[in-house]
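Raw contents of coords_4.txt, compact mmCIF, C-alpha atoms:
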# COMPACT_ATOMS: atom_id res chain seq x y z
CA MET A 1 123.13 102.45 115.77
CA LYS A 2 121.20 102.25 119.04
CA LYS A 3 119.47 105.59 118.42
CA HIS A 4 118.67 104.64 114.83
CA ILE A 5 117.06 101.33 115.82
CA PHE A 6 115.10 102.96 118.66
CA ILE A 7 113.64 105.62 116.34
CA THR A 8 112.82 102.99 113.72
CA ILE A 9 110.94 100.88 116.28
CA ALA A 10 108.94 103.92 117.37
CA LEU A 11 107.90 104.69 113.80
CA LEU A 12 107.04 101.07 113.05
CA SER A 13 104.89 100.80 116.17
CA LEU A 14 102.72 103.63 114.86
CA THR A 15 102.03 101.84 111.59
CA MET A 16 101.98 98.14 112.44
CA GLN A 17 98.36 98.11 113.62
CA SER A 18 97.10 99.50 110.32
CA VAL A 19 99.19 97.32 108.03
CA ALA A 20 97.71 93.92 107.07
CA GLN A 21 99.78 90.93 105.96
CA LYS A 22 103.03 92.80 106.37
CA TYR A 23 106.25 91.58 107.94
CA PHE A 24 108.96 93.06 110.08
CA GLU A 25 112.18 92.47 108.16
CA ILE A 26 115.07 92.31 110.63
CA TYR A 27 118.69 92.06 109.58
CA ARG A 28 121.35 90.77 111.95
CA TYR A 29 125.11 91.24 111.92
CA ASN A 30 125.47 88.28 109.53
CA LYS A 31 123.06 89.95 107.05
CA LYS A 32 120.57 87.05 107.16
CA PRO A 33 116.99 88.38 107.35
CA HIS A 34 114.29 87.28 109.78
CA TYR A 35 110.61 87.94 109.11
CA ILE A 36 107.82 88.29 111.68
CA LEU A 37 104.16 88.97 110.88
CA THR A 38 103.23 92.42 112.15
CA THR A 39 99.77 91.21 113.17
CA TYR A 40 101.41 88.59 115.38
CA VAL A 41 103.26 91.14 117.53
CA ASP A 42 101.74 93.04 120.46
CA SER A 43 104.81 95.06 121.44
CA ILE A 44 108.56 95.37 120.82
CA GLY A 45 111.28 95.76 123.41
CA PHE A 46 114.93 96.71 123.13
CA TRP A 47 117.87 95.16 124.95
CA SER A 48 121.24 96.87 124.79
CA TYR A 49 124.54 95.42 125.93
CA PRO A 50 128.11 96.69 125.50
CA TYR A 51 128.57 94.78 122.25
CA THR A 52 125.08 93.76 121.10
CA GLU A 53 121.71 95.35 120.40
CA ASP A 54 118.78 92.93 120.60
CA LEU A 55 115.08 93.19 119.80
CA VAL A 56 112.38 91.38 121.78
CA PHE A 57 108.98 90.73 120.18
CA TYR A 58 106.11 90.05 122.59
CA TRP A 59 102.72 88.48 121.91
CA ASN A 60 99.81 87.16 123.98
CA ASP A 61 98.89 83.52 123.56
CA ASN A 62 95.71 82.63 125.46
CA GLY A 63 96.69 84.79 128.40
CA ASN A 64 100.37 83.82 128.37
CA VAL A 65 102.93 86.43 127.35
CA ASN A 66 105.53 84.93 125.01
CA LYS A 67 108.63 86.50 123.53
CA TYR A 68 110.98 86.00 120.62
CA VAL A 69 114.46 87.50 120.76
CA ILE A 70 116.63 88.42 117.75
CA PHE A 71 120.21 89.13 118.75
CA ASN A 72 122.73 91.53 117.22
CA VAL A 73 120.25 93.55 115.17
CA ASP A 74 121.55 95.88 112.48
CA SER A 75 118.29 97.19 111.01
CA ILE A 76 114.51 96.70 110.92
CA LYS A 77 111.75 97.72 108.50
CA ILE A 78 108.27 96.69 107.36
CA THR A 79 107.90 94.84 104.07
CA ASN A 80 105.50 92.62 102.14
CA ASN A 81 108.31 90.91 100.25
CA ILE A 82 109.26 88.02 102.53
CA SER A 83 111.71 86.23 100.30
CA PRO A 84 115.16 87.16 99.03
CA LEU A 85 114.61 84.34 96.52
CA LYS A 86 112.24 85.60 93.84
CA PRO A 87 109.25 83.26 93.40
CA VAL A 88 108.78 82.07 89.82
CA LEU A 89 106.01 80.38 87.83
CA SER A 90 108.23 77.50 86.70
CA CYS A 91 111.85 76.42 86.97
CA PRO A 92 113.99 78.97 85.07
CA ASP A 93 117.18 76.90 85.25
CA SER A 94 118.76 73.77 86.75
CA ASN A 95 119.70 75.44 90.06
CA HIS A 96 117.03 73.65 92.08
CA PRO A 97 115.11 74.07 94.27
CA HIS A 98 113.00 77.00 93.15
CA MET A 99 110.07 78.64 94.93
CA ILE A 100 107.08 78.22 92.64
CA ASP A 101 104.17 80.64 92.94
CA LEU A 102 100.94 78.90 91.92
CA GLY A 103 98.67 81.85 92.73
CA LEU A 104 96.98 80.00 95.59
CA PRO A 105 94.77 81.80 98.15
CA SER A 106 97.16 81.04 101.03
CA GLY A 107 100.11 82.51 99.14
CA ALA A 108 102.04 79.27 99.66
CA LEU A 109 105.20 78.89 97.56
CA TRP A 110 105.84 75.27 96.58
CA ALA A 111 109.24 73.72 95.95
CA CYS A 112 109.87 72.47 92.44
CA CYS A 113 111.33 69.16 93.69
CA ASN A 114 111.43 66.77 96.63
CA VAL A 115 113.85 66.77 99.54
CA GLY A 116 116.95 64.92 98.37
CA ALA A 117 116.15 65.39 94.68
CA SER A 118 118.33 67.28 92.22
CA LYS A 119 115.52 67.98 89.74
CA PRO A 120 111.70 67.85 89.64
CA GLU A 121 111.43 64.34 88.20
CA ASP A 122 113.82 62.84 90.78
CA TYR A 123 112.14 61.11 93.69
CA GLY A 124 114.65 62.19 96.33
CA GLY A 125 115.01 60.57 99.74
CA TYR A 126 112.61 58.46 101.78
CA TYR A 127 111.71 59.75 105.25
CA ALA A 128 109.70 58.20 108.03
CA TRP A 129 107.22 60.62 109.58
CA GLY A 130 109.13 62.76 112.07
CA GLU A 131 112.58 61.51 111.02
CA THR A 132 114.91 63.83 109.15
CA TYR A 133 117.37 61.33 107.68
CA THR A 134 117.24 58.50 105.17
CA LYS A 135 117.89 54.85 106.03
CA SER A 136 118.64 51.62 104.21
CA SER A 137 115.41 50.09 105.56
CA TYR A 138 112.22 51.35 107.19
CA THR A 139 110.75 49.10 109.86
CA MET A 140 108.81 49.57 113.07
CA ASP A 141 111.82 48.38 115.04
CA ASN A 142 114.20 51.03 113.64
CA TYR A 143 111.67 53.87 113.74
CA ALA A 144 112.99 56.58 116.07
CA TYR A 145 109.62 57.26 117.68
CA TYR A 146 108.30 53.81 118.42
CA ASN A 147 108.76 51.48 121.36
CA ARG A 148 107.14 48.07 121.17
CA HIS A 149 106.34 48.32 124.89
CA THR A 150 104.77 51.81 124.82
CA SER A 151 103.70 52.21 121.16
CA TYR A 152 104.43 55.49 119.33
CA HIS A 153 106.21 58.35 121.07
CA TYR A 154 104.33 61.65 120.97
CA ILE A 155 106.26 64.31 119.02
CA GLY A 156 103.35 66.65 118.36
CA TYR A 157 100.19 66.77 116.28
CA ASN A 158 101.85 68.99 113.70
CA ILE A 159 105.62 68.81 113.17
CA CYS A 160 105.70 71.64 110.62
CA GLY A 161 108.88 73.69 111.11
CA THR A 162 109.98 71.72 114.17
CA GLN A 163 113.09 69.58 114.73
CA TYR A 164 111.08 66.67 113.30
CA ASP A 165 110.37 68.37 109.97
CA ALA A 166 112.43 66.73 107.21
CA ALA A 167 112.05 69.78 104.93
CA THR A 168 113.33 72.28 107.50
CA ALA A 169 116.07 69.97 108.79
CA ASN A 170 117.49 69.32 105.32
CA TRP A 171 116.82 72.57 103.47
CA GLY A 172 116.64 75.07 106.33
CA SER A 173 114.07 77.75 107.07
CA PRO A 174 111.67 78.86 105.62
CA TRP A 175 111.06 75.47 103.96
CA VAL A 176 108.58 73.25 105.84
CA MET A 177 106.53 70.12 105.29
CA PRO A 178 103.04 71.01 104.02
CA GLY A 179 100.06 70.57 106.30
CA LYS A 180 96.83 68.93 105.20
CA ASP A 181 95.27 72.33 104.49
CA LEU A 182 97.93 73.27 101.94
CA LEU A 183 97.66 69.95 100.14
CA VAL A 184 93.86 70.22 100.03
CA GLU A 185 94.30 73.72 98.60
CA LEU A 186 96.77 72.38 96.01
CA ILE A 187 94.32 69.68 94.94
CA ASN A 188 91.24 71.91 94.87
CA TYR A 189 92.66 75.03 93.20
CA CYS A 190 95.06 73.56 90.64
CA LYS A 191 94.40 71.94 87.31
CA LYS A 192 95.79 68.39 87.53
CA VAL A 193 97.09 66.43 84.56
CA SER A 194 98.75 63.01 84.64
CA THR A 195 101.86 63.21 82.51
CA THR A 196 105.37 61.87 81.96
CA GLN A 197 108.34 64.17 82.49
CA ASN A 198 111.73 62.98 81.25
CA GLY A 199 110.53 59.38 81.46
CA VAL A 200 109.00 59.68 84.95
CA ASN A 201 105.25 59.26 85.46
CA GLY A 202 103.58 61.79 87.69
CA MET A 203 101.17 64.67 87.94
CA LYS A 204 101.47 68.28 86.81
CA PHE A 205 99.71 70.90 88.93
CA THR A 206 98.88 74.22 87.26
CA GLY A 207 97.80 77.04 89.54
CA PRO A 208 95.28 79.84 88.85
CA ASN A 209 98.15 82.13 87.79
CA GLY A 210 99.69 79.61 85.37
CA GLY A 211 102.48 78.49 87.72
CA THR A 212 103.33 74.78 87.46
CA ILE A 213 104.97 72.03 89.51
CA PHE A 214 105.48 68.32 88.83
CA PHE A 215 105.16 65.52 91.39
CA PRO A 216 106.56 62.07 90.54
CA ALA A 217 103.80 59.53 91.18
CA ASP A 218 104.17 58.15 94.72
CA TYR A 219 103.37 58.91 98.39
CA TYR A 220 104.15 62.22 100.18
CA TRP A 221 103.92 63.01 103.89
CA THR A 222 101.95 65.89 105.37
CA SER A 223 103.03 67.45 108.67
CA ASP A 224 99.77 66.53 110.43
CA LEU A 225 98.58 63.84 112.82
CA CYS A 226 94.82 63.34 112.91
CA LEU A 227 92.41 61.33 115.02
CA PHE A 228 90.83 58.75 112.76
CA GLN A 229 87.02 58.81 113.02
CA GLY A 230 85.58 55.91 114.95
CA ASP A 231 88.93 54.93 116.40
CA SER A 232 91.22 56.10 119.18
CA GLY A 233 94.29 55.86 116.98
CA GLU A 234 96.29 58.86 115.75
CA TYR A 235 97.40 58.62 112.15
CA ALA A 236 99.71 60.68 110.01
CA GLN A 237 98.33 61.70 106.63
CA TYR A 238 99.88 61.42 103.21
CA LEU A 239 99.24 62.47 99.64
CA GLU A 240 98.89 59.63 97.17
CA ILE A 241 99.58 60.44 93.52
CA ARG A 242 98.75 57.82 90.94
CA HIS A 243 97.94 57.91 87.25
CA GLY A 244 94.88 60.08 86.83
CA ASP A 245 94.27 60.62 90.54
CA CYS A 246 95.58 62.25 93.70
CA LYS A 247 94.08 62.19 97.18
CA LEU A 248 94.85 62.51 100.87
CA ILE A 249 94.80 59.32 102.92
CA TYR A 250 95.20 58.40 106.58
CA ALA A 251 98.33 56.33 107.19
CA GLY A 252 97.35 53.13 108.93
CA GLY A 253 95.15 50.38 107.59
CA ASN A 254 95.97 51.43 104.01
CA GLY A 255 99.32 49.69 103.74
CA VAL A 256 101.28 52.77 104.89
CA TRP A 257 102.36 53.50 108.46
CA ARG A 258 104.28 56.43 109.88
CA TYR A 259 107.48 54.39 110.32
CA GLN A 260 107.63 53.79 106.57
CA GLY A 261 109.63 55.94 104.18
CA LEU A 262 107.69 58.40 102.05
CA PHE A 263 108.75 61.45 100.06
CA VAL A 264 108.61 65.07 101.22
CA ARG A 265 107.75 68.06 99.02
CA PRO A 266 108.65 71.30 100.86
CA VAL A 267 106.66 74.50 100.83
CA VAL A 268 107.06 78.05 102.13
CA ASP A 269 103.95 78.87 104.15
CA VAL A 270 103.84 82.67 104.20
CA ARG A 271 101.14 82.61 106.90
CA ARG A 272 103.64 81.40 109.50
CA PRO A 273 104.42 84.19 111.98
CA LEU A 274 108.18 83.61 112.09
CA LEU A 275 110.29 83.11 108.98
CA SER A 276 114.04 83.29 108.42
CA PHE A 277 116.26 82.81 105.36
As C-alpha cells:
Amino acid sequence: MKKHIFITIALLSLTMQSVAQKYFEIYRYNKKPHYILTTYVDSIGFWSYPYTEDLVFYWNDNGNVNKYVIFNVDSIKITNNISPLKPVLSCPDSNHPHMIDLGLPSGALWACCNVGASKPEDYGGYYAWGETYTKSSYTMDNYAYYNRHTSYHYIGYNICGTQYDAATANWGSPWVMPGKDLLVELINYCKKVSTTQNGVNGMKFTGPNGGTIFFPADYYWTSDLCLFQGDSGEYAQYLEIRHGDCKLIYAGGNGVWRYQGLFVRPVVDVRRPLLSF
C-alpha cells in the first residue's frame, strides 16, 4: 500500500499544475472521500507509521506555510466529479435533500429544501446567525454571541463551513450556508416566479440549464457579516423573499437582527478548497 500511494503521488504531482478545476479525491480506511482543489496545493508529503499511512497537503498563504493532514489513506486520484451524490435538475423523489444543479457560473449546487425541513415547501427550523440549534424563543438575552456589557461577540466575518454554520452543523460537509455572492448569483442568473407549491407561497428559481428550486416566502441568512456604509456597525445579511420580489438586506434597522431566528438554505460551494462527504 505504501509503495502504491507513493507512486500515485509522484504521478499526480506531474499533472496537477496543468489541470484546472480538478480535485484530489482521497479515500480513507472508512471509505469516505475527501476532496481538495489541485490548484490550492503547493506540495504533498507522506507520513508513514506502523499502522497508518497519512498524506500532508501544503500550501502558502501570504507567506505562511499551512498544512492539512488526512489520516489512514487508502487511495488518491484526480477527478472533476466532486460528489458521490449525483446533482439533479429537480427533486426526483421524496428522499430529500437533493443537490440541485442550476447551471450557475460558480457551479454551486443548491439544496432543494431548508435545514430542518422534510420537503421543499416546509420552512424548517429557525436559526439565529451563528447558532446551530433551534430554540423556543429568539431574544438578545438568549443569543449565544451577545453580552449586554460588551455587545456582540466576534465569531468571524464569514462563518461558512465553520462550527457556527447551521448548514454544516446539521447536515454535515459539504453543505454550507451560502455567502452573499452565491445569493446575488442566484438572483441575477435565475428566472424568478412567485408561485404556490402545495399551498405554500414562495418563489421558484429556474437556472440557465432548466434546474429549479423553490423557496418558501420568508427570510434566509447568508454566511456573511458586512460593514454597513456610513456606520461603524457590523451587520449580518439576509435574503428576503416576498410575493413578486426577492432581495438581499442588511440585518439591523430593518426589523431583523442577528439574534433573531431565520431560515437556512444550504448549498455546496464547489469553489471551496476542502470538501468531504
Can you write out as JSON lines which residues of stretch 120-232 of chain A fall within 9 Å of stretch 259-270 of chain A, alongside each residue's closest atom pair and its distance in Å to one decimal, counting all atoms listed in the file and ordering rows by chain and ascending residue number?
{"residue": "A:Tyr123", "atom": "CA", "partner": "A:Phe263", "partner_atom": "CA", "distance": 7.2}
{"residue": "A:Gly124", "atom": "CA", "partner": "A:Phe263", "partner_atom": "CA", "distance": 7.0}
{"residue": "A:Gly125", "atom": "CA", "partner": "A:Phe263", "partner_atom": "CA", "distance": 6.3}
{"residue": "A:Tyr126", "atom": "CA", "partner": "A:Gly261", "partner_atom": "CA", "distance": 4.6}
{"residue": "A:Tyr127", "atom": "CA", "partner": "A:Gly261", "partner_atom": "CA", "distance": 4.5}
{"residue": "A:Ala128", "atom": "CA", "partner": "A:Gly261", "partner_atom": "CA", "distance": 4.5}
{"residue": "A:Trp129", "atom": "CA", "partner": "A:Tyr259", "partner_atom": "CA", "distance": 6.3}
{"residue": "A:Gly130", "atom": "CA", "partner": "A:Tyr259", "partner_atom": "CA", "distance": 8.7}
{"residue": "A:Glu131", "atom": "CA", "partner": "A:Tyr259", "partner_atom": "CA", "distance": 8.8}
{"residue": "A:Thr134", "atom": "CA", "partner": "A:Gly261", "partner_atom": "CA", "distance": 8.1}
{"residue": "A:Lys135", "atom": "CA", "partner": "A:Gly261", "partner_atom": "CA", "distance": 8.5}
{"residue": "A:Ser137", "atom": "CA", "partner": "A:Gly261", "partner_atom": "CA", "distance": 8.3}
{"residue": "A:Tyr138", "atom": "CA", "partner": "A:Gln260", "partner_atom": "CA", "distance": 5.2}
{"residue": "A:Thr139", "atom": "CA", "partner": "A:Tyr259", "partner_atom": "CA", "distance": 6.2}
{"residue": "A:Met140", "atom": "CA", "partner": "A:Tyr259", "partner_atom": "CA", "distance": 5.7}
{"residue": "A:Asp141", "atom": "CA", "partner": "A:Tyr259", "partner_atom": "CA", "distance": 8.8}
{"residue": "A:Asn142", "atom": "CA", "partner": "A:Tyr259", "partner_atom": "CA", "distance": 8.2}
{"residue": "A:Tyr143", "atom": "CA", "partner": "A:Tyr259", "partner_atom": "CA", "distance": 5.4}
{"residue": "A:Ala144", "atom": "CA", "partner": "A:Tyr259", "partner_atom": "CA", "distance": 8.3}
{"residue": "A:Tyr145", "atom": "CA", "partner": "A:Tyr259", "partner_atom": "CA", "distance": 8.2}
{"residue": "A:Tyr146", "atom": "CA", "partner": "A:Tyr259", "partner_atom": "CA", "distance": 8.2}
{"residue": "A:Ala166", "atom": "CA", "partner": "A:Val264", "partner_atom": "CA", "distance": 7.3}
{"residue": "A:Ala167", "atom": "CA", "partner": "A:Pro266", "partner_atom": "CA", "distance": 5.5}
{"residue": "A:Thr168", "atom": "CA", "partner": "A:Pro266", "partner_atom": "CA", "distance": 8.2}
{"residue": "A:Trp171", "atom": "CA", "partner": "A:Pro266", "partner_atom": "CA", "distance": 8.7}
{"residue": "A:Ser173", "atom": "CA", "partner": "A:Val268", "partner_atom": "CA", "distance": 8.6}
{"residue": "A:Pro174", "atom": "CA", "partner": "A:Val268", "partner_atom": "CA", "distance": 5.8}
{"residue": "A:Trp175", "atom": "CA", "partner": "A:Val268", "partner_atom": "CA", "distance": 5.1}
{"residue": "A:Val176", "atom": "CA", "partner": "A:Pro266", "partner_atom": "CA", "distance": 5.3}
{"residue": "A:Met177", "atom": "CA", "partner": "A:Pro266", "partner_atom": "CA", "distance": 5.1}
{"residue": "A:Pro178", "atom": "CA", "partner": "A:Val267", "partner_atom": "CA", "distance": 6.0}
{"residue": "A:Leu182", "atom": "CA", "partner": "A:Asp269", "partner_atom": "CA", "distance": 8.5}
{"residue": "A:Phe215", "atom": "CA", "partner": "A:Arg265", "partner_atom": "CA", "distance": 8.4}
{"residue": "A:Asp218", "atom": "CA", "partner": "A:Phe263", "partner_atom": "CA", "distance": 7.8}
{"residue": "A:Tyr219", "atom": "CA", "partner": "A:Leu262", "partner_atom": "CA", "distance": 5.7}
{"residue": "A:Tyr220", "atom": "CA", "partner": "A:Phe263", "partner_atom": "CA", "distance": 4.7}
{"residue": "A:Trp221", "atom": "CA", "partner": "A:Val264", "partner_atom": "CA", "distance": 5.8}
{"residue": "A:Thr222", "atom": "CA", "partner": "A:Val264", "partner_atom": "CA", "distance": 7.9}
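Picture a line from atom CA of A:Ser194 to atom CA of A:Thr206; it runs 11.5 Å.
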Nearest to A:Pro105, chosen from A:Ser75, A:Thr162, A:Asn188, A:Asn80, with only C-alpha atoms counted in the distances: A:Asn188
Who sits within 9 Å of stretch 240-251 of chain A, only C-alpha atoms, same chain under 5 positions skipped, as a ChimeraX atom specification: /A:180,183-184,187,192-195,201-203,215-220,225-226,228,235,256-258
Distance query A:His34 at most 7 Å, only C-alpha atoms, self and fewer than 4 positions along chain excluded, as a short mmCIF file (atom, residue, chain, number, x, y, z; two decimals) with C-alpha atoms, in the frame of the given file:
data_model
loop_
_atom_site.label_atom_id
_atom_site.label_comp_id
_atom_site.auth_asym_id
_atom_site.auth_seq_id
_atom_site.Cartn_x
_atom_site.Cartn_y
_atom_site.Cartn_z
CA GLU A 25 112.18 92.47 108.16
CA ILE A 26 115.07 92.31 110.63
CA TYR A 27 118.69 92.06 109.58
CA LEU A 275 110.29 83.11 108.98
CA SER A 276 114.04 83.29 108.42
CA PHE A 277 116.26 82.81 105.36
#
Point-to-point distance from atom CA of A:Val88 to atom CA of A:Ser106, Å rounded to tenths: 16.2 Å
Pairwise distance for atom CA of A:Ile44 and atom CA of A:Gly161, rounded to one decimal in Å: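 Result for atom CA of A:Ile44 versus atom CA of A:Gly161: 23.8 Å, one decimal.
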